[in-house]
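Enquirer: Sharing start.pdb below, PDB, C-alpha atoms, pLDDT in the B column:
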```
MODEL        1
ATOM      1  CA  MET A   1       0.000   0.000   0.000  1.00 68.00           C
ATOM      2  CA  SER A   2       1.423   3.393  -0.952  1.00 80.00           C
ATOM      3  CA  THR A   3       1.830   6.206   1.528  1.00 85.00           C
ATOM      4  CA  LEU A   4      -0.896   8.228  -0.168  1.00 82.00           C
ATOM      5  CA  ALA A   5      -3.298   5.285   0.050  1.00 87.00           C
ATOM      6  CA  GLU A   6      -2.459   4.869   3.745  1.00 89.00           C
ATOM      7  CA  ILE A   7      -3.128   8.564   4.383  1.00 85.00           C
ATOM      8  CA  GLU A   8      -6.420   8.418   2.515  1.00 87.00           C
ATOM      9  CA  ALA A   9      -7.471   5.306   4.445  1.00 89.00           C
ATOM     10  CA  ALA A  10      -6.598   6.937   7.772  1.00 89.00           C
ATOM     11  CA  ALA A  11      -8.375  10.180   6.813  1.00 88.00           C
ATOM     12  CA  ASN A  12     -11.516   8.260   5.858  1.00 90.00           C
ATOM     13  CA  THR A  13     -11.781   6.924   9.412  1.00 92.00           C
ATOM     14  CA  LEU A  14     -12.118  10.481  10.764  1.00 90.00           C
ATOM     15  CA  PRO A  15     -15.450  12.224  11.266  1.00 92.00           C
ATOM     16  CA  LEU A  16     -16.388  14.518   8.375  1.00 91.00           C
ATOM     17  CA  SER A  17     -15.690  17.698  10.378  1.00 91.00           C
ATOM     18  CA  GLN A  18     -12.132  16.537  11.119  1.00 92.00           C
ATOM     19  CA  GLN A  19     -11.640  15.499   7.497  1.00 91.00           C
ATOM     20  CA  LYS A  20     -12.535  19.061   6.454  1.00 91.00           C
ATOM     21  CA  LYS A  21     -10.093  20.541   8.984  1.00 92.00           C
ATOM     22  CA  LEU A  22      -7.360  18.200   7.785  1.00 90.00           C
ATOM     23  CA  LEU A  23      -7.998  19.102   4.151  1.00 89.00           C
ATOM     24  CA  GLN A  24      -7.983  22.827   4.996  1.00 91.00           C
ATOM     25  CA  HIS A  25      -4.708  22.511   6.920  1.00 90.00           C
ATOM     26  CA  LEU A  26      -3.025  20.514   4.162  1.00 87.00           C
ATOM     27  CA  THR A  27      -4.216  22.981   1.505  1.00 87.00           C
ATOM     28  CA  VAL A  28      -2.736  25.924   3.414  1.00 86.00           C
ATOM     29  CA  LYS A  29       0.481  24.069   4.220  1.00 84.00           C
ATOM     30  CA  LEU A  30       1.061  22.850   0.683  1.00 84.00           C
ATOM     31  CA  SER A  31       0.208  26.178  -0.968  1.00 85.00           C
ATOM     32  CA  SER A  32       2.529  28.276   1.218  1.00 82.00           C
ATOM     33  CA  PRO A  33       5.979  29.046  -0.201  1.00 82.00           C
ATOM     34  CA  LYS A  34       8.693  26.678   0.858  1.00 80.00           C
ATOM     35  CA  THR A  35      11.287  28.200   3.161  1.00 80.00           C
ATOM     36  CA  LEU A  36      14.672  26.671   3.711  1.00 81.00           C
ATOM     37  CA  PRO A  37      16.007  26.415   7.246  1.00 85.00           C
ATOM     38  CA  LYS A  38      18.568  29.070   8.130  1.00 89.00           C
ATOM     39  CA  PRO A  39      22.120  27.723   8.294  1.00 91.00           C
ATOM     40  CA  SER A  40      23.830  27.596  11.691  1.00 93.00           C
ATOM     41  CA  MET A  41      26.847  29.752  12.508  1.00 92.00           C
ATOM     42  CA  HIS A  42      29.026  26.654  12.221  1.00 90.00           C
ATOM     43  CA  ASP A  43      27.646  25.936   8.745  1.00 91.00           C
ATOM     44  CA  LEU A  44      28.536  29.476   7.699  1.00 92.00           C
ATOM     45  CA  MET A  45      32.018  29.418   9.223  1.00 91.00           C
ATOM     46  CA  LYS A  46      33.087  25.775   8.776  1.00 88.00           C
ATOM     47  CA  ASP A  47      35.580  26.631   6.021  1.00 87.00           C
ATOM     48  CA  GLY A  48      37.362  28.988   8.414  1.00 85.00           C
ATOM     49  CA  CYS A  49      37.363  26.734  11.485  1.00 80.00           C
ATOM     50  CA  GLY A  50      40.867  25.892  12.653  1.00 79.00           C
ATOM     51  CA  ILE A  51      42.770  27.989  10.097  1.00 81.00           C
ATOM     52  CA  VAL A  52      43.981  30.652  12.541  1.00 79.00           C
ATOM     53  CA  ASP A  53      46.976  29.954  14.785  1.00 78.00           C
ATOM     54  CA  SER A  54      46.817  32.403  17.683  1.00 76.00           C
ATOM     55  CA  GLY A  55      50.192  31.299  19.015  1.00 78.00           C
ATOM     56  CA  ILE A  56      48.631  30.569  22.396  1.00 75.00           C
ATOM     57  CA  PRO A  57      48.998  26.935  23.423  1.00 72.00           C
ATOM     58  CA  ASP A  58      46.009  25.004  24.672  1.00 72.00           C
ATOM     59  CA  LEU A  59      45.602  26.281  28.232  1.00 64.00           C
ATOM     60  CA  ALA A  60      43.679  23.165  29.251  1.00 68.00           C
ATOM     61  CA  THR A  61      46.873  21.123  29.000  1.00 70.00           C
ATOM     62  CA  ASN A  62      48.766  23.474  31.331  1.00 74.00           C
ATOM     63  CA  LYS A  63      48.250  22.328  34.939  1.00 78.00           C
ATOM     64  CA  LYS A  64      48.987  25.834  36.246  1.00 78.00           C
ATOM     65  CA  HIS A  65      45.960  27.243  34.373  1.00 72.00           C
ATOM     66  CA  MET A  66      43.703  24.369  35.479  1.00 75.00           C
ATOM     67  CA  ARG A  67      44.598  24.633  39.194  1.00 81.00           C
ATOM     68  CA  GLY A  68      41.428  25.194  41.230  1.00 83.00           C
ATOM     69  CA  TYR A  69      39.107  24.666  38.278  1.00 79.00           C
ATOM     70  CA  GLY A  70      35.821  23.042  39.276  1.00 81.00           C
ATOM     71  CA  ARG A  71      36.079  23.772  42.988  1.00 78.00           C
TER      72      ARG A  71
ENDMDL
END
```
Taking this structure as input, can you express it in the form of structure tokens?
Expert:
Amino acid sequence: MSTLAEIEAAANTLPLSQQKKLLQHLTVKLSSPKTLPKPSMHDLMKDGCGIVDSGIPDLATNKKHMRGYGR
């Protein structure tokens, strides 16, 4: 059974008032312009991630900088 046939079969089990609401909702949803989701900041900047060397070593590996952290 195709997806469309399954949807039609399920819709036919609804009361007529709910069928009308479903049809109205689907008509509005399908006739509205399609909008693409906005890309995340990472998506926009992924080509630039990791290309800058600040010269500062990873402070998390220096025990002096981690002393007292989490207390």
Enquirer: When you look at Glu8 (chain A) with a cut-off of 12 Å (counting only C-alpha atoms), what residues show up, excluding the ones that are within fewer than 5 positions of it in the same chain? I need them as a compact mmCIF listing (two decimals) with C-alpha atoms, in the coordinates of the input.
Expert:
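So result-v7.txt came out as:
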```
# COMPACT_ATOMS: atom_id res chain seq x y z
CA MET A 1 0.00 0.00 0.00
CA SER A 2 1.42 3.39 -0.95
CA THR A 3 1.83 6.21 1.53
CA THR A 13 -11.78 6.92 9.41
CA LEU A 14 -12.12 10.48 10.76
CA GLN A 19 -11.64 15.50 7.50
CA LEU A 22 -7.36 18.20 7.78
CA LEU A 23 -8.00 19.10 4.15
```
Enquirer: Rounded to one decimal, what separation in Å do you get between CA of Leu4 (chain A) and CA of Leu26 (chain A)?
Expert: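 Separating CA of Leu4 (chain A) from CA of Leu26 (chain A) is a distance of 13.2 Å.
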Enquirer: Which distance in Å separates CA of Lys29 (chain A) and CA of Ile7 (chain A), to one decimal?
Expert: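 Computed distance, CA of Lys29 (chain A) to CA of Ile7 (chain A), equals 15.9 Å.
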Enquirer: How big is the axis-aligned box around all listed atoms of region 26-40 of chain A once 3 Å goes on each side, and where's its centre, in Å to one decimal, as JSON?
Expert:
```
{"center_x": 9.8, "center_y": 24.8, "center_z": 5.4, "size_x": 34.0, "size_y": 14.6, "size_z": 18.7}
```
Enquirer: Hey, can you check how far CA of Thr35 (chain A) sits from CA of Ala9 (chain A)?
Expert: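 CA of Ala9 (chain A) lies at a distance of 29.6 Å from CA of Thr35 (chain A).
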Enquirer: Restore N, CA and C atoms in region 50-68 of chain A and list the result as a short mmCIF file (atom, residue, chain, number, x, y, z; two decimals), in the frame of the given file.
Expert:
```cif
data_model
loop_
_atom_site.label_atom_id
_atom_site.label_comp_id
_atom_site.auth_asym_id
_atom_site.auth_seq_id
_atom_site.Cartn_x
_atom_site.Cartn_y
_atom_site.Cartn_z
N GLY A 50 39.55 26.49 12.47
CA GLY A 50 40.87 25.89 12.65
C GLY A 50 41.96 26.43 11.76
N ILE A 51 41.72 27.50 11.01
CA ILE A 51 42.77 27.99 10.10
C ILE A 51 43.64 29.07 10.73
N VAL A 52 43.23 29.59 11.89
CA VAL A 52 43.98 30.65 12.54
C VAL A 52 44.80 30.06 13.68
N ASP A 53 46.11 30.37 13.69
CA ASP A 53 46.98 29.95 14.78
C ASP A 53 47.25 31.18 15.63
N SER A 54 46.67 31.23 16.82
CA SER A 54 46.82 32.40 17.68
C SER A 54 48.17 32.45 18.35
N GLY A 55 48.91 31.35 18.34
CA GLY A 55 50.19 31.30 19.02
C GLY A 55 50.07 30.95 20.48
N ILE A 56 48.85 30.92 21.00
CA ILE A 56 48.63 30.57 22.40
C ILE A 56 48.42 29.06 22.47
N PRO A 57 49.20 28.38 23.31
CA PRO A 57 49.00 26.94 23.42
C PRO A 57 47.67 26.64 24.12
N ASP A 58 47.25 25.44 24.04
CA ASP A 58 46.01 25.00 24.67
C ASP A 58 46.17 25.11 26.19
N LEU A 59 45.46 26.04 26.80
CA LEU A 59 45.60 26.28 28.23
C LEU A 59 45.08 25.12 29.07
N ALA A 60 44.23 24.30 28.51
CA ALA A 60 43.68 23.16 29.25
C ALA A 60 44.74 22.11 29.53
N THR A 61 45.83 22.11 28.77
CA THR A 61 46.87 21.12 29.00
C THR A 61 47.92 21.62 29.98
N ASN A 62 47.81 22.89 30.39
CA ASN A 62 48.77 23.47 31.33
C ASN A 62 48.17 23.36 32.74
N LYS A 63 48.79 22.57 33.60
CA LYS A 63 48.25 22.33 34.94
C LYS A 63 48.14 23.62 35.75
N LYS A 64 49.03 24.57 35.50
CA LYS A 64 48.99 25.83 36.25
C LYS A 64 47.67 26.58 35.98
N HIS A 65 47.20 26.55 34.73
CA HIS A 65 45.96 27.24 34.37
C HIS A 65 44.72 26.48 34.85
N MET A 66 44.85 25.19 35.06
CA MET A 66 43.70 24.37 35.48
C MET A 66 43.61 24.23 37.00
N ARG A 67 44.60 24.75 37.74
CA ARG A 67 44.60 24.63 39.19
C ARG A 67 43.37 25.33 39.78
N GLY A 68 42.60 24.62 40.58
CA GLY A 68 41.43 25.19 41.23
C GLY A 68 40.17 25.17 40.37
#
```
